[in-house]
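Colleague: Structure below; questions to follow.
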Amino acid sequence: MKLSNLPILLMSQLKEQRMSGYDLCKLVKEKYWPASHQQVYRELGKLDSSGYVTCEVVPQSGKPDKKVYQLTPSGESELQAVADSAPNIPQVRDEAIVHLALENGSYFSRMISSLTRAVTELEMKKDKCEDPIQIFVIERQIARLTADAQWAQRVGHSFLSQGNAA
């Protein structure tokens with residue numbers, strides 16, 4: 001079974017320690033990327049069914065039972081296989097490509113503004129951050145958004161020189 005990024009990320013966190021689903025949700029959101037509780041619990045269920053993690057139900061007084069997940073030896077082997085695999089270079093299939101095909105120059109002006117705002121917000125977030133892994137995640141986001149803004153500027157200038165600004 002080929003795993004997507006979220007289950008691999010969840011297993012990587014369980015490699016270090018047992019964790020509840022709630023704590024995994026919180027960690028993924030704070031440190032890596034936004035993932036809903038539904039996404040995380042669905043993936044944990046699949047990992048449990050596949051034998052990559054086990055789930056222990058821990059009773060709590062006055063609260064719903066807590067599910068605590070732990071990585072299995074099979075899960076550790078799968079993580080090692082992922083670590084040894086070749087990097088996947090993603091294909092770009094986003095709305096910017098559609099607007100490029102539409103020769104919609106005004107879209108790229110708006111894109112540059114949005115990306116510039118997002119980079120500024122990420123820089124402020126990074127300045128407050130102390131976790132080295134989270135800093136690397138933020139720096140990667142900034143680098144990608146900056147590259148997209150530079151590309152959008154080149155496209156926008158090209159459209160202006162061709163008279164396709166609108």
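Following the order of the structure tokens, first chain is A, next is B, and so on, with residues numbered from 1 inside each chain and ligands from 1 in the order they appear.
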Using backbone DSSP assignments, extract all strand (DSSP E or B) residues from chain A; output them as a VMD selection string.
Modeller: chain A and resid 19 to 20 53 to 58 66 to 71
Colleague: List every residue of chain A that DSSP, applied to the backbone of this structure, assigns to alpha helix (DSSP H), and report them as JSON, numbers by chain.
Modeller: {"A": [5, 6, 7, 8, 9, 10, 11, 12, 13, 14, 15, 16, 21, 22, 23, 24, 25, 26, 27, 28, 29, 30, 31, 37, 38, 39, 40, 41, 42, 43, 44, 45, 46, 47, 48, 49, 50, 73, 74, 75, 76, 77, 78, 79, 80, 81, 82, 83, 84, 95, 96, 97, 98, 99, 100, 101, 105, 106, 107, 108, 109, 110, 111, 112, 113, 114, 115, 116, 117, 118, 119, 120, 121, 122, 123, 124, 125, 126, 127, 128, 132, 133, 134, 135, 136, 137, 138, 139, 140, 141, 142, 143, 144, 145, 146, 147, 148, 149, 150, 151, 152, 153, 154, 155, 156, 157, 158, 159, 160, 161, 162]}
Colleague: Using only C-alpha atoms for the distances, tell me which of A:Thr116, A:Asn104, A:Ser61, A:Thr72 is nearest to Ser158 in chain A.
Modeller: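 Among A:Thr116, A:Asn104, A:Ser61, A:Thr72, it is A:Asn104 that comes nearest to Ser158 in chain A.
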Colleague: Using only C-alpha atoms, which of the listed residues (A:Ala86, A:Leu9, A:Met19, A:Met111) sits closest to Lys31 in chain A?
Modeller: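 The shortest atom-to-atom distance to Lys31 in chain A comes from A:Leu9.
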Colleague: For Val155 in chain A, find every residue with an atom within 10 Å (counting only C-alpha atoms), except residues of its own chain fewer than 2 positions away, and show them as JSON, numbers by chain.
Modeller: {"A": [100, 103, 104, 105, 108, 109, 149, 150, 151, 152, 153, 157, 158, 159, 160, 161]}
Colleague: Just C-alpha atoms for this one: save the residues we selected as an mmCIF file, in the first residue's frame.
Modeller:
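Below is the file out-v4.cif, written as the result:
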data_model
loop_
_atom_site.group_PDB
_atom_site.id
_atom_site.type_symbol
_atom_site.label_atom_id
_atom_site.label_comp_id
_atom_site.auth_asym_id
_atom_site.auth_seq_id
_atom_site.Cartn_x
_atom_site.Cartn_y
_atom_site.Cartn_z
ATOM 1 C CA LEU A 100 -1.712 31.265 -17.771
ATOM 2 C CA GLU A 103 -3.703 34.709 -20.664
ATOM 3 C CA ASN A 104 -5.257 36.450 -17.664
ATOM 4 C CA GLY A 105 -2.608 39.020 -16.715
ATOM 5 C CA PHE A 108 -1.003 37.421 -11.744
ATOM 6 C CA SER A 109 -1.080 40.928 -10.246
ATOM 7 C CA ALA A 149 5.708 35.409 -6.690
ATOM 8 C CA GLN A 150 8.856 35.771 -8.814
ATOM 9 C CA TRP A 151 7.357 33.503 -11.476
ATOM 10 C CA ALA A 152 4.081 35.466 -11.400
ATOM 11 C CA GLN A 153 6.046 38.694 -11.903
ATOM 12 C CA HIS A 157 5.608 41.357 -17.324
ATOM 13 C CA SER A 158 5.379 39.060 -20.328
ATOM 14 C CA PHE A 159 1.635 39.649 -20.604
ATOM 15 C CA LEU A 160 2.130 43.421 -20.290
ATOM 16 C CA SER A 161 4.678 43.433 -23.094
#
Colleague: Provide the CA of Arg18 in chain A to CA of Leu71 in chain A distance in Å, to one decimal place.
Modeller: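 These two atoms are separated by 7.5 Å.
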Colleague: Extract, using only C-alpha atoms, all DNA, RNA and protein residues at most 10 Å from Ile133 in chain A, discarding same-chain residues fewer than 4 positions from it, and format them as a PyMOL selection string.
Modeller: chain A and resi 31-32+129+137-139
Colleague: Quick one: write out the picked residues with C-alpha atoms as an mmCIF file, in the first residue's frame?
Modeller:
data_model
loop_
_atom_site.group_PDB
_atom_site.id
_atom_site.type_symbol
_atom_site.label_atom_id
_atom_site.label_comp_id
_atom_site.auth_asym_id
_atom_site.auth_seq_id
_atom_site.Cartn_x
_atom_site.Cartn_y
_atom_site.Cartn_z
ATOM 1 C CA LYS A 31 4.089 22.188 13.486
ATOM 2 C CA TYR A 32 3.506 21.000 9.922
ATOM 3 C CA CYS A 129 8.906 30.347 16.536
ATOM 4 C CA VAL A 137 8.746 24.097 7.584
ATOM 5 C CA ILE A 138 8.022 27.840 7.575
ATOM 6 C CA GLU A 139 11.209 28.569 5.600
#
Colleague: Could you give me, as a PDB file with N, CA and C atoms, in the first residue's frame, the residues within 12 Å of Leu14 in chain A, counting only C-alpha atoms and dropping anything in the same chain fewer than 3 positions from it?
Modeller:
ATOM      1  N   PRO A   7      -0.364  10.119   6.545  1.00  0.00           N
ATOM      2  CA  PRO A   7      -0.089   8.943   7.375  1.00  0.00           C
ATOM      3  C   PRO A   7       1.402   8.741   7.658  1.00  0.00           C
ATOM      4  N   ILE A   8       2.243   9.100   6.710  1.00  0.00           N
ATOM      5  CA  ILE A   8       3.691   8.991   6.948  1.00  0.00           C
ATOM      6  C   ILE A   8       4.100   9.957   8.052  1.00  0.00           C
ATOM      7  N   LEU A   9       3.565  11.173   7.996  1.00  0.00           N
ATOM      8  CA  LEU A   9       3.856  12.161   9.029  1.00  0.00           C
ATOM      9  C   LEU A   9       3.377  11.675  10.396  1.00  0.00           C
ATOM     10  N   LEU A  10       2.179  11.110  10.448  1.00  0.00           N
ATOM     11  CA  LEU A  10       1.648  10.592  11.716  1.00  0.00           C
ATOM     12  C   LEU A  10       2.545   9.486  12.267  1.00  0.00           C
ATOM     13  N   MET A  11       2.945   8.562  11.396  1.00  0.00           N
ATOM     14  CA  MET A  11       3.818   7.469  11.852  1.00  0.00           C
ATOM     15  C   MET A  11       5.163   8.010  12.325  1.00  0.00           C
ATOM     16  N   GLN A  17       7.209   8.577  20.190  1.00  0.00           N
ATOM     17  CA  GLN A  17       6.448   8.281  21.410  1.00  0.00           C
ATOM     18  C   GLN A  17       5.006   7.942  21.075  1.00  0.00           C
ATOM     19  N   ARG A  18       4.353   7.242  21.997  1.00  0.00           N
ATOM     20  CA  ARG A  18       2.916   6.968  21.875  1.00  0.00           C
ATOM     21  C   ARG A  18       2.186   8.294  22.019  1.00  0.00           C
ATOM     22  N   MET A  19       1.099   8.437  21.273  1.00  0.00           N
ATOM     23  CA  MET A  19       0.342   9.688  21.357  1.00  0.00           C
ATOM     24  C   MET A  19      -1.139   9.419  21.129  1.00  0.00           C
ATOM     25  N   SER A  20      -1.955  10.289  21.695  1.00  0.00           N
ATOM     26  CA  SER A  20      -3.394  10.213  21.436  1.00  0.00           C
ATOM     27  C   SER A  20      -3.679  10.844  20.076  1.00  0.00           C
ATOM     28  N   GLY A  21      -4.829  10.495  19.523  1.00  0.00           N
ATOM     29  CA  GLY A  21      -5.243  11.097  18.261  1.00  0.00           C
ATOM     30  C   GLY A  21      -5.370  12.605  18.389  1.00  0.00           C
ATOM     31  N   ASP A  23      -3.718  14.597  20.427  1.00  0.00           N
ATOM     32  CA  ASP A  23      -2.383  15.204  20.474  1.00  0.00           C
ATOM     33  C   ASP A  23      -1.714  15.204  19.102  1.00  0.00           C
ATOM     34  N   LEU A  24      -1.944  14.143  18.324  1.00  0.00           N
ATOM     35  CA  LEU A  24      -1.400  14.104  16.962  1.00  0.00           C
ATOM     36  C   LEU A  24      -2.017  15.201  16.097  1.00  0.00           C
ATOM     37  N   LEU A  27      -0.472  18.511  17.127  1.00  0.00           N
ATOM     38  CA  LEU A  27       0.922  18.598  16.702  1.00  0.00           C
ATOM     39  C   LEU A  27       1.038  18.863  15.202  1.00  0.00           C
ATOM     40  N   VAL A  28       0.276  18.134  14.412  1.00  0.00           N
ATOM     41  CA  VAL A  28       0.338  18.307  12.954  1.00  0.00           C
ATOM     42  C   VAL A  28      -0.069  19.730  12.581  1.00  0.00           C
ATOM     43  N   LEU A  44      -5.431   7.440  10.872  1.00  0.00           N
ATOM     44  CA  LEU A  44      -5.040   6.569  11.986  1.00  0.00           C
ATOM     45  C   LEU A  44      -5.798   5.251  11.926  1.00  0.00           C
ATOM     46  N   LEU A  47      -4.179   3.183   9.243  1.00  0.00           N
ATOM     47  CA  LEU A  47      -2.878   2.683   9.703  1.00  0.00           C
ATOM     48  C   LEU A  47      -3.058   1.533  10.686  1.00  0.00           C
ATOM     49  N   TYR A  52       0.163  -0.951  10.853  1.00  0.00           N
ATOM     50  CA  TYR A  52       1.310  -0.054  11.027  1.00  0.00           C
ATOM     51  C   TYR A  52       1.315   0.618  12.398  1.00  0.00           C
ATOM     52  N   VAL A  53       0.131   0.744  13.003  1.00  0.00           N
ATOM     53  CA  VAL A  53       0.019   1.268  14.363  1.00  0.00           C
ATOM     54  C   VAL A  53      -0.961   0.389  15.132  1.00  0.00           C
ATOM     55  N   THR A  54      -0.867   0.466  16.445  1.00  0.00           N
ATOM     56  CA  THR A  54      -1.875  -0.157  17.296  1.00  0.00           C
ATOM     57  C   THR A  54      -2.563   0.955  18.076  1.00  0.00           C
ATOM     58  N   CYS A  55      -3.755   0.657  18.526  1.00  0.00           N
ATOM     59  CA  CYS A  55      -4.545   1.637  19.261  1.00  0.00           C
ATOM     60  C   CYS A  55      -4.959   1.026  20.593  1.00  0.00           C
ATOM     61  N   VAL A  68      -4.933   5.881  22.341  1.00  0.00           N
ATOM     62  CA  VAL A  68      -3.498   6.148  22.288  1.00  0.00           C
ATOM     63  C   VAL A  68      -2.887   5.227  21.239  1.00  0.00           C
ATOM     64  N   TYR A  69      -2.146   5.820  20.317  1.00  0.00           N
ATOM     65  CA  TYR A  69      -1.584   5.084  19.182  1.00  0.00           C
ATOM     66  C   TYR A  69      -0.092   4.867  19.375  1.00  0.00           C
ATOM     67  N   GLN A  70       0.359   3.719  18.858  1.00  0.00           N
ATOM     68  CA  GLN A  70       1.775   3.358  18.956  1.00  0.00           C
ATOM     69  C   GLN A  70       2.200   2.723  17.632  1.00  0.00           C
ATOM     70  N   LEU A  71       3.399   3.044  17.190  1.00  0.00           N
ATOM     71  CA  LEU A  71       3.937   2.483  15.954  1.00  0.00           C
ATOM     72  C   LEU A  71       4.328   1.024  16.176  1.00  0.00           C
ATOM     73  N   THR A  72       4.023   0.174  15.216  1.00  0.00           N
ATOM     74  CA  THR A  72       4.381  -1.249  15.288  1.00  0.00           C
ATOM     75  C   THR A  72       5.694  -1.482  14.537  1.00  0.00           C
ATOM     76  N   PRO A  73       6.313  -2.650  14.711  1.00  0.00           N
ATOM     77  CA  PRO A  73       7.501  -2.971  13.908  1.00  0.00           C
ATOM     78  C   PRO A  73       7.219  -2.895  12.401  1.00  0.00           C
ATOM     79  N   GLY A  75       5.114  -0.857  11.011  1.00  0.00           N
ATOM     80  CA  GLY A  75       5.095   0.585  10.741  1.00  0.00           C
ATOM     81  C   GLY A  75       6.494   1.160  10.656  1.00  0.00           C
ATOM     82  N   GLU A  76       7.382   0.685  11.535  1.00  0.00           N
ATOM     83  CA  GLU A  76       8.778   1.138  11.489  1.00  0.00           C
ATOM     84  C   GLU A  76       9.434   0.729  10.180  1.00  0.00           C
ATOM     85  N   LEU A  79       8.176   3.022   7.462  1.00  0.00           N
ATOM     86  CA  LEU A  79       8.841   4.328   7.548  1.00  0.00           C
ATOM     87  C   LEU A  79      10.247   4.262   6.961  1.00  0.00           C
TER      88      LEU A  79
END
Colleague: Rounded to one decimal in Å, what is the spacing between CA of Ala96 in chain A and CA of Trp33 in chain A?
Modeller: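 Interatomic distance here is 21.6 Å.
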Colleague: Please compute the CA of Gln134 in chain A-CA of Lys26 in chain A distance, one decimal, in Å.
Modeller: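 Result for CA of Gln134 in chain A versus CA of Lys26 in chain A: 13.5 Å, one decimal.
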